[in-house]
Each structure stands twice: as C-alpha cells, then as structure tokens.
$ cat upload-v1.txt   # compact mmCIF, C-alpha atoms and all ligand atoms
# COMPACT_ATOMS: atom_id res chain seq x y z
CA MET A 1 -45.76 6.75 1.87
CA ARG A 2 -46.67 3.16 0.94
CA GLN A 3 -45.22 0.06 2.48
CA HIS A 4 -44.27 -2.30 -0.34
CA SER A 5 -43.28 -5.23 1.89
CA PRO A 6 -43.49 -5.91 5.65
CA LEU A 7 -39.71 -6.42 5.46
CA MET A 8 -39.16 -2.78 4.53
CA SER A 9 -40.14 0.66 5.81
CA PRO A 10 -42.20 3.08 3.73
CA LEU A 11 -39.52 5.06 1.80
CA VAL A 12 -40.60 8.25 3.55
CA TRP A 13 -39.68 6.70 6.93
CA ASP A 14 -36.08 6.11 5.78
CA LEU A 15 -35.90 9.70 4.55
CA ALA A 16 -36.86 11.32 7.87
CA HIS A 17 -34.99 8.68 9.91
CA ILE A 18 -31.75 9.67 8.14
CA ALA A 19 -32.37 13.30 9.15
CA ASN A 20 -33.37 12.35 12.69
CA GLN A 21 -30.19 10.32 13.30
CA GLU A 22 -28.10 13.15 11.85
CA GLU A 23 -29.79 15.61 14.20
CA LEU A 24 -29.42 13.30 17.19
CA TRP A 25 -25.73 12.43 16.78
CA LEU A 26 -24.37 15.66 15.33
CA LEU A 27 -26.57 18.59 16.32
CA ARG A 28 -27.46 17.32 19.81
CA ASN A 29 -24.54 15.09 20.90
CA VAL A 30 -21.69 16.95 19.17
CA GLY A 31 -23.17 20.46 18.91
CA GLY A 32 -25.15 20.51 22.17
CA ILE A 33 -28.14 21.99 20.30
CA GLU A 34 -31.68 21.52 21.66
CA PRO A 35 -33.91 18.95 19.86
CA MET A 36 -35.68 20.49 16.86
CA HIS A 37 -38.83 18.32 17.03
CA PRO A 38 -38.62 16.08 20.13
CA GLU A 39 -42.16 14.83 19.54
CA ILE A 40 -41.13 12.96 16.37
CA ASP A 41 -38.08 11.20 17.87
CA PRO A 42 -39.98 8.05 18.93
CA LEU A 43 -41.43 7.63 15.40
CA TYR A 44 -37.97 7.29 13.90
CA ASP A 45 -36.35 5.12 16.56
CA ALA A 46 -35.65 1.87 14.71
CA PHE A 47 -35.69 -0.14 17.94
CA GLU A 48 -38.99 1.24 19.16
CA HIS A 49 -40.97 0.39 16.02
CA PRO A 50 -40.21 -2.68 13.86
CA ARG A 51 -40.55 -2.15 10.11
CA ALA A 52 -43.96 -3.83 9.89
CA GLU A 53 -45.39 -1.20 12.28
CA ARG A 54 -43.98 1.88 10.63
CA PRO A 55 -46.72 2.57 8.02
CA SER A 56 -49.29 2.98 10.83
CA LEU A 57 -47.27 5.76 12.54
CA PRO A 58 -48.09 9.46 12.04
CA LEU A 59 -44.98 9.94 9.86
CA LEU A 60 -43.88 13.24 8.33
CA ALA A 61 -45.22 13.58 4.78
CA PRO A 62 -42.63 13.58 1.94
CA ALA A 63 -42.34 17.38 1.69
CA GLN A 64 -42.01 17.75 5.48
CA ALA A 65 -39.43 14.95 5.64
CA ARG A 66 -37.38 16.63 2.92
CA SER A 67 -37.47 20.06 4.50
CA TYR A 68 -36.54 18.55 7.91
CA GLY A 69 -33.55 16.85 6.23
CA HIS A 70 -32.47 20.06 4.49
CA GLU A 71 -32.72 22.05 7.72
CA VAL A 72 -30.65 19.50 9.66
CA ARG A 73 -28.03 19.32 6.89
CA GLY A 74 -27.66 23.11 6.76
CA ARG A 75 -27.02 23.30 10.49
CA VAL A 76 -24.66 20.29 10.37
CA LEU A 77 -22.55 21.96 7.67
CA ASP A 78 -22.25 25.04 9.89
CA LEU A 79 -21.29 22.83 12.84
CA LEU A 80 -18.72 20.97 10.73
CA GLU A 81 -16.87 24.22 10.03
CA SER A 82 -16.53 25.03 13.72
CA THR A 83 -15.84 21.53 15.07
CA ARG A 84 -12.36 20.37 16.09
CA PHE A 85 -11.80 16.65 15.57
CA SER A 86 -10.37 16.01 19.02
CA GLY A 87 -11.30 16.12 22.69
CA SER A 88 -13.60 13.09 22.82
CA ARG A 89 -13.76 9.64 21.30
CA LEU A 90 -16.86 10.63 19.31
CA LEU A 91 -14.96 13.53 17.72
CA THR A 92 -11.53 11.97 17.13
CA ASP A 93 -10.89 11.79 13.37
CA GLY A 94 -14.45 13.03 12.84
CA PHE A 95 -15.88 9.63 13.82
CA ALA A 96 -19.37 10.97 14.59
CA PHE A 97 -19.57 12.62 11.16
CA GLY A 98 -18.25 9.43 9.53
CA MET A 99 -20.76 7.29 11.38
CA VAL A 100 -23.66 9.52 10.29
CA ALA A 101 -22.41 9.60 6.68
CA GLN A 102 -22.19 5.78 6.67
CA HIS A 103 -25.66 5.53 8.21
CA GLU A 104 -27.14 7.65 5.42
CA VAL A 105 -25.58 5.67 2.56
CA GLN A 106 -26.61 2.40 4.21
CA HIS A 107 -30.19 3.64 4.14
CA ASP A 108 -29.72 4.59 0.48
CA GLU A 109 -29.04 0.90 -0.17
CA THR A 110 -32.04 -0.07 1.97
CA MET A 111 -34.23 2.27 -0.09
CA LEU A 112 -32.88 0.75 -3.32
CA ILE A 113 -33.86 -2.69 -1.95
CA THR A 114 -37.39 -1.30 -1.46
CA HIS A 115 -37.40 -0.03 -5.07
CA GLN A 116 -36.40 -3.51 -6.27
CA LEU A 117 -39.19 -5.08 -4.17
CA ARG A 118 -41.97 -2.76 -5.25
CA THR A 119 -44.00 -3.14 -8.41
CA GLY A 120 -45.57 -0.43 -10.57
CA ALA A 121 -44.38 2.96 -11.77
CA PRO A 122 -41.96 4.54 -11.88
CA VAL A 123 -39.40 2.11 -13.29
CA LEU A 124 -35.88 3.21 -12.30
CA PRO A 125 -33.82 4.34 -15.29
CA ALA A 126 -30.66 2.31 -15.89
CA ALA A 127 -27.90 2.14 -18.51
CA PRO A 128 -27.38 -1.13 -20.45
CA PRO A 129 -25.27 -3.89 -18.81
CA ALA A 130 -21.49 -3.54 -18.98
CA PRO A 131 -19.63 -5.68 -21.57
CA ALA A 132 -17.80 -8.82 -20.43
CA PRO A 133 -14.13 -8.29 -19.46
CA ALA A 134 -11.59 -8.98 -22.21
CA ASP A 135 -9.95 -11.89 -20.38
CA ALA A 136 -13.15 -13.46 -18.99
CA LEU A 137 -12.62 -16.72 -20.89
CA ARG A 138 -9.03 -17.15 -19.73
CA LEU A 139 -9.58 -16.68 -15.99
CA PRO A 140 -8.91 -19.70 -13.77
CA ALA A 141 -12.01 -20.94 -11.92
CA GLU A 142 -10.27 -20.60 -8.57
CA VAL A 143 -7.22 -19.02 -6.94
CA LEU A 144 -4.97 -20.29 -4.15
CA VAL A 145 -4.65 -18.33 -0.91
CA PRO A 146 -1.54 -19.73 0.84
CA GLY A 147 -1.86 -20.69 4.51
CA GLY A 148 -0.52 -18.68 7.44
CA PRO A 149 -1.40 -15.88 9.83
CA PHE A 150 -2.80 -12.51 8.77
CA THR A 151 -4.21 -9.42 10.48
CA MET A 152 -8.02 -9.44 10.53
CA GLY A 153 -10.08 -6.38 11.46
CA THR A 154 -8.63 -2.96 12.25
CA SER A 155 -7.67 -0.79 15.20
CA THR A 156 -6.65 2.20 13.09
CA ASP A 157 -9.22 2.80 10.33
CA PRO A 158 -10.76 6.04 11.66
CA TRP A 159 -14.34 5.34 10.55
CA ALA A 160 -14.35 1.58 11.25
CA LEU A 161 -17.38 0.56 13.31
CA ASP A 162 -17.20 -1.34 16.58
CA ASN A 163 -17.68 -4.80 15.03
CA GLU A 164 -14.60 -4.35 12.77
CA ARG A 165 -12.38 -3.76 15.83
CA PRO A 166 -9.85 -4.57 17.13
CA ALA A 167 -7.17 -5.86 14.73
CA HIS A 168 -6.13 -9.41 15.65
CA THR A 169 -4.09 -12.24 14.16
CA VAL A 170 -5.87 -15.22 12.60
CA ASP A 171 -4.11 -18.28 11.20
CA VAL A 172 -5.89 -19.37 8.02
CA PRO A 173 -4.88 -22.71 6.42
CA SER A 174 -4.34 -22.80 2.64
CA PHE A 175 -7.55 -22.74 0.62
CA TYR A 176 -8.87 -22.16 -2.88
CA LEU A 177 -11.43 -19.46 -3.57
CA ASP A 178 -13.54 -18.87 -6.68
CA THR A 179 -11.93 -16.16 -8.82
CA THR A 180 -15.31 -14.46 -9.22
CA PRO A 181 -18.74 -14.59 -7.61
CA VAL A 182 -20.95 -17.48 -8.77
CA THR A 183 -22.80 -16.46 -11.95
CA CYS A 184 -26.45 -16.66 -12.97
CA GLY A 185 -25.44 -19.22 -15.61
CA ALA A 186 -23.79 -21.49 -13.05
CA TYR A 187 -26.72 -21.04 -10.70
CA ALA A 188 -29.17 -21.98 -13.48
CA ALA A 189 -27.18 -25.21 -13.91
CA PHE A 190 -27.68 -25.91 -10.19
CA ILE A 191 -31.44 -25.44 -10.65
CA ALA A 192 -31.52 -27.59 -13.82
CA GLY A 193 -29.41 -30.23 -12.05
CA GLY A 194 -32.05 -30.69 -9.36
CA GLY A 195 -30.39 -28.52 -6.73
CA TYR A 196 -33.72 -27.49 -5.23
CA ASP A 197 -35.12 -31.05 -5.40
CA GLU A 198 -32.72 -33.01 -3.21
CA ALA A 199 -32.43 -32.61 0.54
CA ARG A 200 -28.84 -33.90 0.52
CA TRP A 201 -27.45 -30.57 -0.71
CA TRP A 202 -29.12 -28.57 2.05
CA THR A 203 -28.67 -28.17 5.79
CA GLU A 204 -31.60 -29.49 7.79
CA ALA A 205 -32.85 -25.97 8.55
CA GLY A 206 -32.21 -24.93 4.94
CA TRP A 207 -34.22 -27.81 3.50
CA ALA A 208 -37.10 -27.13 5.93
CA HIS A 209 -37.11 -23.50 4.79
CA ARG A 210 -36.87 -24.45 1.11
CA GLN A 211 -39.96 -26.69 1.58
CA HIS A 212 -41.93 -24.22 3.69
CA ALA A 213 -41.21 -21.19 1.47
CA GLY A 214 -41.48 -23.17 -1.79
CA LEU A 215 -38.11 -21.94 -3.07
CA VAL A 216 -37.28 -23.00 -6.65
CA ALA A 217 -34.98 -20.18 -7.85
CA PRO A 218 -33.52 -16.85 -6.67
CA LEU A 219 -35.97 -14.13 -5.68
CA TYR A 220 -37.35 -12.24 -8.74
CA TRP A 221 -36.64 -15.16 -11.15
CA SER A 222 -39.49 -16.65 -13.25
CA TYR A 223 -39.33 -19.72 -15.45
CA SER A 224 -40.24 -18.93 -19.04
CA GLY A 225 -40.00 -22.49 -20.41
CA ALA A 226 -37.40 -24.47 -22.35
CA GLY A 227 -34.73 -23.97 -19.70
CA GLN A 228 -34.98 -20.17 -19.85
CA TRP A 229 -35.38 -17.81 -16.90
CA THR A 230 -36.37 -14.18 -16.71
CA ARG A 231 -36.05 -11.84 -13.76
CA ARG A 232 -37.44 -8.52 -12.60
CA VAL A 233 -34.85 -5.76 -12.17
CA PHE A 234 -36.14 -2.45 -10.75
CA GLY A 235 -39.48 -2.82 -12.53
CA ARG A 236 -38.25 -4.26 -15.85
CA THR A 237 -38.46 -7.93 -16.85
CA GLU A 238 -35.51 -9.32 -18.80
CA PRO A 239 -33.79 -12.63 -19.58
CA ILE A 240 -31.13 -13.52 -17.00
CA GLU A 241 -27.56 -12.59 -17.95
CA PRO A 242 -25.59 -15.86 -17.62
CA ALA A 243 -22.27 -14.06 -17.04
CA GLU A 244 -23.54 -11.82 -14.24
CA PRO A 245 -23.05 -12.71 -10.57
CA VAL A 246 -26.26 -14.22 -9.17
CA LEU A 247 -28.24 -11.91 -6.86
CA HIS A 248 -31.03 -12.33 -4.32
CA VAL A 249 -30.15 -15.74 -2.93
CA SER A 250 -30.46 -16.66 0.74
CA TRP A 251 -27.61 -18.12 2.80
CA TYR A 252 -29.41 -21.47 2.66
CA GLU A 253 -29.42 -21.42 -1.16
CA ALA A 254 -25.78 -20.32 -1.36
CA ASP A 255 -24.78 -23.07 1.05
CA ALA A 256 -26.74 -25.72 -0.91
CA TYR A 257 -25.18 -24.61 -4.20
CA ALA A 258 -21.71 -24.87 -2.71
CA ARG A 259 -22.33 -28.42 -1.47
CA TRP A 260 -23.82 -29.43 -4.85
CA ALA A 261 -20.66 -28.07 -6.51
CA GLY A 262 -18.50 -30.20 -4.19
CA ARG A 263 -17.36 -27.12 -2.31
CA ARG A 264 -18.34 -24.89 0.63
CA LEU A 265 -18.82 -21.23 1.47
CA PRO A 266 -15.63 -19.45 2.63
CA THR A 267 -15.33 -18.53 6.29
CA GLU A 268 -15.33 -14.84 7.08
CA ALA A 269 -11.61 -15.02 7.94
CA GLU A 270 -10.87 -16.70 4.60
CA TRP A 271 -12.81 -14.03 2.75
CA GLU A 272 -10.98 -11.20 4.50
CA LYS A 273 -7.57 -12.78 4.03
CA ALA A 274 -8.23 -13.20 0.29
CA ALA A 275 -9.39 -9.58 0.09
CA ARG A 276 -6.75 -7.84 2.23
CA PHE A 277 -3.60 -9.88 2.74
CA ASP A 278 -0.56 -8.90 0.70
CA PRO A 279 2.03 -11.71 0.84
CA ALA A 280 4.72 -9.36 -0.54
CA THR A 281 4.64 -7.18 2.59
CA GLY A 282 2.91 -9.51 5.05
CA THR A 283 0.37 -6.78 5.83
CA SER A 284 -3.39 -6.42 5.47
CA ARG A 285 -4.52 -3.60 3.20
CA ARG A 286 -7.68 -1.51 3.17
CA TYR A 287 -8.94 -2.96 -0.13
CA PRO A 288 -7.98 -5.86 -2.45
CA TRP A 289 -6.02 -3.48 -4.72
CA GLY A 290 -4.25 -1.60 -1.91
CA ASP A 291 -5.05 1.40 0.27
CA ALA A 292 -6.24 3.82 -2.46
CA ASP A 293 -9.89 4.87 -2.37
CA PRO A 294 -12.24 2.99 -4.73
CA SER A 295 -12.75 4.39 -8.24
CA ALA A 296 -14.88 3.45 -11.25
CA ALA A 297 -11.95 1.37 -12.62
CA LEU A 298 -11.51 -0.65 -9.42
CA ALA A 299 -14.97 -1.69 -8.25
CA ASN A 300 -18.69 -1.53 -8.99
CA LEU A 301 -19.88 0.71 -6.12
CA ASP A 302 -21.78 3.95 -5.56
CA GLN A 303 -24.86 3.30 -7.59
CA PRO A 304 -27.07 5.06 -8.29
CA ASN A 305 -25.21 8.17 -7.14
CA LEU A 306 -22.16 8.53 -9.35
CA ASP A 307 -21.34 7.81 -12.94
CA GLN A 308 -22.09 4.08 -12.89
CA GLN A 309 -25.82 4.07 -13.55
CA ARG A 310 -26.31 0.40 -14.37
CA LEU A 311 -28.01 -0.62 -11.12
CA ARG A 312 -26.64 -4.15 -11.41
CA PRO A 313 -23.50 -6.23 -10.90
CA ALA A 314 -20.89 -6.26 -13.67
CA PRO A 315 -20.13 -9.53 -15.54
CA ALA A 316 -17.99 -12.04 -13.63
CA GLY A 317 -14.30 -11.27 -14.09
CA SER A 318 -14.71 -7.50 -14.44
CA TYR A 319 -12.44 -4.99 -12.69
CA ALA A 320 -9.07 -6.64 -13.35
CA ALA A 321 -7.43 -3.51 -11.89
CA GLY A 322 -9.23 -4.13 -8.62
CA ALA A 323 -8.06 -7.75 -8.24
CA ALA A 324 -6.58 -8.93 -4.93
CA PRO A 325 -2.97 -10.22 -4.72
CA CYS A 326 -4.36 -13.79 -4.81
CA GLY A 327 -6.03 -13.00 -8.17
CA ALA A 328 -9.65 -12.97 -6.99
CA ARG A 329 -11.81 -10.30 -8.61
CA GLN A 330 -14.87 -8.31 -7.53
CA LEU A 331 -14.36 -8.98 -3.82
CA ILE A 332 -15.42 -5.36 -3.29
CA GLY A 333 -18.64 -4.19 -4.97
CA ASP A 334 -21.11 -5.98 -7.29
CA VAL A 335 -22.77 -8.39 -4.81
CA TRP A 336 -22.65 -8.92 -1.05
CA GLU A 337 -21.04 -12.32 -0.49
CA TRP A 338 -22.41 -14.77 2.07
CA THR A 339 -19.77 -16.41 4.26
CA SER A 340 -20.17 -19.57 6.35
CA SER A 341 -19.56 -17.62 9.57
CA ASP A 342 -21.97 -16.53 12.29
CA PHE A 343 -21.86 -12.84 13.22
CA GLY A 344 -19.82 -12.54 16.40
CA PRO A 345 -17.45 -10.24 18.27
CA TYR A 346 -13.73 -10.19 17.59
CA PRO A 347 -11.49 -10.92 20.60
CA GLY A 348 -11.36 -7.70 22.65
CA PHE A 349 -14.61 -6.28 21.20
CA SER A 350 -16.30 -3.45 23.04
CA ALA A 351 -19.61 -1.89 21.99
CA TRP A 352 -19.27 1.66 20.61
CA PRO A 353 -21.00 4.06 20.58
CA TYR A 354 -24.14 2.04 21.44
CA ARG A 355 -24.96 -1.63 22.00
CA GLU A 356 -27.67 -1.71 19.37
CA TYR A 357 -25.22 -1.05 16.57
CA SER A 358 -23.77 -4.58 16.56
CA GLU A 359 -23.76 -6.36 19.88
CA VAL A 360 -27.47 -7.20 20.06
CA PHE A 361 -27.14 -9.07 16.72
CA PHE A 362 -24.20 -11.29 17.73
CA GLY A 363 -25.01 -14.99 17.79
CA PRO A 364 -25.78 -18.00 15.59
CA GLU A 365 -28.96 -16.43 14.13
CA CYS A 366 -27.10 -14.12 11.73
CA LYS A 367 -24.57 -14.96 9.01
CA VAL A 368 -21.89 -12.54 7.85
CA LEU A 369 -21.84 -11.04 4.35
CA ARG A 370 -18.76 -9.28 2.99
CA GLY A 371 -17.58 -7.00 0.22
CA GLY A 372 -20.51 -4.70 -0.55
CA SER A 373 -22.88 -4.61 -3.53
CA PHE A 374 -23.29 -2.27 -6.51
CA ALA A 375 -25.71 -0.33 -4.28
CA VAL A 376 -23.11 0.31 -1.57
CA SER A 377 -21.31 3.65 -1.30
CA HIS A 378 -17.53 3.79 -0.98
CA VAL A 379 -18.19 5.78 2.21
CA ALA A 380 -19.32 2.57 3.92
CA CYS A 381 -17.11 0.05 2.12
CA ARG A 382 -13.70 -1.36 3.04
CA GLY A 383 -12.02 -4.75 3.37
CA THR A 384 -12.88 -4.92 7.07
CA PHE A 385 -16.56 -3.95 6.73
CA ARG A 386 -19.01 -6.57 8.07
CA ASN A 387 -22.66 -6.96 7.13
CA TRP A 388 -25.01 -9.55 8.62
CA ASP A 389 -28.47 -10.97 8.09
CA TYR A 390 -30.70 -13.96 8.73
CA PRO A 391 -30.00 -17.03 6.53
CA ILE A 392 -33.49 -16.86 4.96
CA ARG A 393 -33.10 -13.26 3.73
CA ARG A 394 -32.75 -12.63 0.01
CA GLN A 395 -34.36 -9.28 -0.79
CA ILE A 396 -30.88 -7.87 -0.06
CA PHE A 397 -28.29 -7.62 -2.86
CA SER A 398 -26.75 -10.95 -1.88
CA GLY A 399 -24.64 -13.36 -3.89
CA PHE A 400 -21.68 -15.56 -2.98
CA ARG A 401 -18.55 -17.38 -4.10
CA THR A 402 -17.38 -20.83 -3.04
CA ALA A 403 -14.16 -22.24 -1.57
CA ARG A 404 -12.43 -25.51 -0.75
CA SER A 405 -9.62 -26.42 1.62
CA ALA A 406 -6.34 -26.88 -0.22
CA ALA A 407 -5.86 -30.35 1.24
CA VAL A 408 -9.11 -31.58 -0.29
CA THR A 409 -9.33 -32.57 -3.94
CA ALA A 410 -12.10 -30.83 -5.88
CA ALA A 411 -15.10 -33.10 -6.33
CA ALA A 412 -15.96 -34.27 -9.82
CA GLY A 413 -18.90 -32.68 -11.55
CA ARG A 414 -18.16 -29.09 -10.61
CA PRO A 415 -19.93 -26.92 -13.16
CA ALA A 416 -17.50 -25.17 -15.50
CA GLU A 417 -19.05 -21.72 -14.96
CA HIS A 418 -15.79 -19.89 -15.48
CA ALA A 419 -14.40 -22.12 -18.22
FE FE B 501 -30.97 3.51 10.61
$ encode --input "upload-v1.txt" --output "structure tokens" --more "lines below"
Ligand SMILES: [Fe+2]
Amino acid sequence: MRQHSPLMSPLVWDLAHIANQEELWLLRNVGGIEPMHPEIDPLYDAFEHPRAERPSLPLLAPAQARSYGHEVRGRVLDLLESTRFSGSRLLTDGFAFGMVAQHEVQHDETMLITHQLRTGAPVLPAAPPAPAPADALRLPAEVLVPGGPFTMGTSTDPWALDNERPAHTVDVPSFYLDTTPVTCGAYAAFIAGGGYDEARWWTEAGWAHRQHAGLVAPLYWSYSGAGQWTRRVFGRTEPIEPAEPVLHVSWYEADAYARWAGRRLPTEAEWEKAARFDPATGTSRRYPWGDADPSAALANLDQPNLDQQRLRPAPAGSYAAGAAPCGARQLIGDVWEWTSSDFGPYPGFSAWPYREYSEVFFGPECKVLRGGSFAVSHVACRGTFRNWDYPIRRQIFSGFRTARSAAVTAAAGRPAEHA
C-alpha cells in the first residue's frame, strides 16, 4: 500500500490497474460485457491521477485487488476461447489480447523498479551473478555497421504498437558501435577521470541538472573509499561488478560519458540497424539473431518470471548466440540503451488504439531507449520496440553503449573497457 517514491505508484495500484485495463479492453471492448465495478475506473486511470497522487486515493486493498484480477482473468480466458481473431482491427491477429499482455508485463517491470527503489524488508531473492563469457577478453571494443538503407519499424508484426509503425526505409551512413553496453568498470573510470567535474563533457541542460541534483555517480552507487564503489541491488549492498553493464544512469550521464570517451550515443536508427539488419539478405529481422523467439541462450530477459533469477544484467559480452550480424552483443535484454534521438512519429504514423499510448509523448522532451532490460518480458520485446523517458530519469533499468561515425577517427584516451 505504501508509496516508496513520488515517481512510482504504490505497488497495489499497479496490481489493480493491470486488472482494470484488462477488463476495459477485453471484457468490455471485445466482449461487450458490462463494467464490473464502474465506480473504481477513475482510480485506475493513469491519465486522471499522476503517480504522486495515487497513494491518497481510496484504492482496493491487496486482497481485493488480487481477487479482482483473478475474476477478470477467469472471464478473459473464457472470452479468449470464444473469440475469433478477425472482423475488426482490434481483433485482427489477437491485437487486443497482445496489447493487454504487453501492458501487464510492462507493469511487472515498473513494479520491479519500485522494488529496487524501496528500502527495508523483504529483500528480493536472487541467484549469484552469471560468470563472464569465455571469449570476453578477445572481443573487439567496437563493430562496424556498413552504410546504406535498411527497413526501420514494422507494418507486419501483429502485436507491434502504433509507435513502431509503419515500416520505412532509412539510409544510415557507416558507423562503429560498441560491441557491448558500457560496463561499470568503464563508468568508474569516467568518474575517477573527473567526468562529473567538468562542464565540457555535458550538454548545457545536462550540466545544469548535474549541478542542481548533485550527481556524482549512477543512482544506488555509494563511494566506499580508495577508489571503490558499492551499490544497492534489490535491498542488498554489494561491491560493483566491473564487467557488468552499468545501470541506472540518466540520458545526461550517458551522453557526457560518450563525449568524455571521444564518442557519442547512437541514433535510434543506428541502434535498430545494428540490431535488425542482415546484410546477407538485405532484410530487417525481428531480433539480432533472427526471427526465432528469445530463449535463455539468446538474451537476458523475463526476470523474475522464468528460470533466470539473477535480477541483474549479465557480464558484458555474454550471449554470443544472440549476437547481431554486425557482431554486437546484448542488444536485446540486460539494460535499456539510451539513444541520442528524441521520441517522435515515424513517417505515416497514426495513433492506435488511443492517442495517449504514444502520441502525447512525442517531442524533444523524451529520449528513446531501445533493446529491453533483464526485467523486460519477451512478450513486450522485439527489435522494433521503442521505450522513451525524460533525460533526467534513472530509476529505470537504463544503460547505454556508444558509437562513432566511420569517417571520424577515434579520439585518443578512450578507456580500454573491453580490452
Ligand atoms: Fe498502465
């Protein structure tokens, strides 16, 4: 019932909101069934009540929220058996069911973010970190993505959301991309090298925010002396793992790191081309490894639901089997990756099934993140999937990798984080 941060809802709000959206879209819109509890609808409308307000609402208690969710789910499963996936745009290919399933797993990630923010019992159980990949020390620091056109977005993926549509051609000049996300070890070198102390690495707005918010390290990091950092992970405090992708950095910090390293963040188009384009066929695929669904050998997804109970990113260079044709690893899973791009519509965009899904967020205020984190479900993860947030946000499971244009020589002094 508690609110652990004004940025997040009380967990019990997410629980009943998941059920309420499922009832609204499936039982009412698809099934034509009368509202079960119309009086609670306004409480769980995300646009009516910002997160900071939600703890003061007369929310369903945990047991009531659970039984509401079970009741909705039971009726939805009955409806699913009798529904034909045709006749309307909402029903074609089961889109409405897919949208509701994606909504639920996205709130699972939101709730995991709340668990990471909160302090006190209970600590979430987690398995020990995964070992480093066998070839970690031999991986090149960066990979080349050759220039040329590729297909960005999709017009055919049945569960793709409005902002991923339609497919369109984008010409992307040659560029180099980090083979893996930037690690905690490399990021610690940025801190030790004065990255947070010099305005020249930051955008004007980024430096103002760094000063105002007093940023000195990623969220949840604490300095323990003698160049050592610890961090809090779901209630436990531990030394940082130098080989793990850095988490909980804002866009401003990612951007400053990239400039300090003599590089830049990739554009959204660059990221998607690296993740989807197959030069052998000239086509864009669903995932870096091809069109097959994700599995435990291909990407670090689906925590804490399936068999990967580590609740953290895997060491940089993991998941060789999930590498993209360009050789980049971990583009899907592990950490959300900030891109340099503002969140905007693709050419030919039309809002579907409601404006508040994407369109109201388009503009220079939000930056795009790609690829999904360890807390993302495969149900809501694909090479076209777009996430967005404000550049100051870092309670999300955000990391990044850097890029450079192929025509530009790498600046001296780049930290050898992958060497
Ligand atoms: Fe929601």
$ residues_around --input "upload-v1.txt" --residues "A:Asp41" --least-positions-apart "5" --cutoff "10 Å" --atoms "all atoms listed in the file" --output "count of residues only"
6
$ closest_residue --input "upload-v1.txt" --among "A:Glu104, A:Glu23, A:Asp78, A:Glu272" --to "ligand FE 501 (chain B)" --atoms "all atoms listed in the file"
A:Glu104
$ residues_near_ligand --input "upload-v1.txt" --ligand "ligand FE 501 (chain B)" --cutoff "9 Å" --atoms "only C-alpha atoms and all ligand atoms" --output "ChimeraX atom specification"
/A:14,17-18,21,44-46,103-104,106-107
$ closest_residue --input "upload-v1.txt" --among "A:Ala19, A:Ala269, A:Ala274, A:Val335" --to "A:Leu301" --atoms "all atoms listed in the file"
A:Val335
$ residues_around --input "upload-v1.txt" --residues "A:Leu247" --least-positions-apart "4" --cutoff "6 Å" --atoms "all atoms listed in the file" --output "number ranges by chain"
A: 397-399
$ residues_around --input "upload-v1.txt" --residues "A:Leu311" --least-positions-apart "4" --cutoff "12 Å" --atoms "all atoms listed in the file" --output "PyMOL selection string"
chain A and resi 109+112-113+115-116+123-130+233-236+300-307+333-335+373-376+397
$ closest_residue --input "upload-v1.txt" --among "A:Gly363, A:Cys326, A:Ala261, A:Gly317" --to "A:Ala280" --atoms "all atoms listed in the file"
A:Cys326
$ residues_around --input "upload-v1.txt" --residues "A:Ile40" --least-positions-apart "3" --cutoff "9 Å" --atoms "all atoms listed in the file" --output "list in words"
Asn20, His37, Leu43, Tyr44, Pro58, Leu59 and Leu60 of chain A
$ residues_around --input "upload-v1.txt" --residues "stretch 6-9 of chain A" --least-positions-apart "6" --cutoff "8 Å" --atoms "all atoms listed in the file" --output "PyMOL selection string"
chain A and resi 51-52+54-55+114
$ atom_distance --input "upload-v1.txt" --atom1 "atom CA of A:Arg66" --atom2 "atom CA of A:Leu15"
7.3 Å
$ atom_distance --input "upload-v1.txt" --atom1 "atom CA of A:Cys366" --atom2 "atom CA of A:Thr119"
28.5 Å
$ atom_distance --input "upload-v1.txt" --atom1 "atom CA of A:Trp388" --atom2 "atom CA of A:Arg165"
15.7 Å
$ closest_residue --input "upload-v1.txt" --among "A:Arg264, A:Arg276, A:Arg310, A:Arg382" --to "A:Thr339" --atoms "only C-alpha atoms"
A:Arg264
$ residues_near_point --input "upload-v1.txt" --point "(-7.0, -10.1, 16.7)" --cutoff "8 Å" --atoms "only C-alpha atoms" --output "list of chain:residue names"
A:Thr151, A:Met152, A:Gly153, A:Pro166, A:Ala167, A:His168, A:Thr169, A:Val170, A:Tyr346, A:Pro347, A:Gly348
$ decode --input "upload-v1.txt" --residues "stretch 162-206 of chain A" --atoms "C-alpha atoms" --output "mmCIF file, in the first residue's frame"
data_model
loop_
_atom_site.group_PDB
_atom_site.id
_atom_site.type_symbol
_atom_site.label_atom_id
_atom_site.label_comp_id
_atom_site.auth_asym_id
_atom_site.auth_seq_id
_atom_site.Cartn_x
_atom_site.Cartn_y
_atom_site.Cartn_z
ATOM 1 C CA ASP A 162 1.454 2.296 -33.016
ATOM 2 C CA ASN A 163 4.836 3.996 -32.487
ATOM 3 C CA GLU A 164 6.703 1.075 -34.158
ATOM 4 C CA ARG A 165 4.657 1.533 -37.356
ATOM 5 C CA PRO A 166 4.850 1.798 -40.297
ATOM 6 C CA ALA A 167 7.945 0.176 -41.841
ATOM 7 C CA HIS A 168 10.009 2.742 -43.748
ATOM 8 C CA THR A 169 13.427 2.993 -45.372
ATOM 9 C CA VAL A 170 16.213 4.892 -43.611
ATOM 10 C CA ASP A 171 19.680 5.466 -45.065
ATOM 11 C CA VAL A 172 22.254 5.106 -42.288
ATOM 12 C CA PRO A 173 25.893 6.069 -43.041
ATOM 13 C CA SER A 174 28.653 3.697 -41.883
ATOM 14 C CA PHE A 175 29.329 3.814 -38.159
ATOM 15 C CA TYR A 176 31.048 1.916 -35.377
ATOM 16 C CA LEU A 177 29.103 0.706 -32.359
ATOM 17 C CA ASP A 178 30.389 -0.642 -29.038
ATOM 18 C CA THR A 179 30.295 -4.452 -29.091
ATOM 19 C CA THR A 180 28.678 -4.459 -25.640
ATOM 20 C CA PRO A 181 26.960 -1.994 -23.326
ATOM 21 C CA VAL A 182 29.323 0.259 -21.342
ATOM 22 C CA THR A 183 30.412 -1.536 -18.157
ATOM 23 C CA CYS A 184 30.500 -0.468 -14.508
ATOM 24 C CA GLY A 185 34.305 -0.658 -14.685
ATOM 25 C CA ALA A 186 34.477 1.732 -17.635
ATOM 26 C CA TYR A 187 31.952 4.018 -15.989
ATOM 27 C CA ALA A 188 34.005 4.065 -12.762
ATOM 28 C CA ALA A 189 36.971 5.225 -14.876
ATOM 29 C CA PHE A 190 34.810 8.098 -16.166
ATOM 30 C CA ILE A 191 34.026 9.080 -12.560
ATOM 31 C CA ALA A 192 37.679 8.752 -11.472
ATOM 32 C CA GLY A 193 38.754 10.741 -14.539
ATOM 33 C CA GLY A 194 36.686 13.736 -13.455
ATOM 34 C CA GLY A 195 33.710 13.070 -15.708
ATOM 35 C CA TYR A 196 31.279 14.626 -13.239
ATOM 36 C CA ASP A 197 33.592 17.582 -12.516
ATOM 37 C CA GLU A 198 33.968 19.224 -15.920
ATOM 38 C CA ALA A 199 31.170 21.025 -17.737
ATOM 39 C CA ARG A 200 32.830 20.408 -21.121
ATOM 40 C CA TRP A 201 31.628 16.791 -21.261
ATOM 41 C CA TRP A 202 27.990 17.712 -20.658
ATOM 42 C CA THR A 203 25.246 19.430 -22.614
ATOM 43 C CA GLU A 204 24.202 22.747 -21.106
ATOM 44 C CA ALA A 205 20.962 21.264 -19.751
ATOM 45 C CA GLY A 206 22.835 18.162 -18.580
#
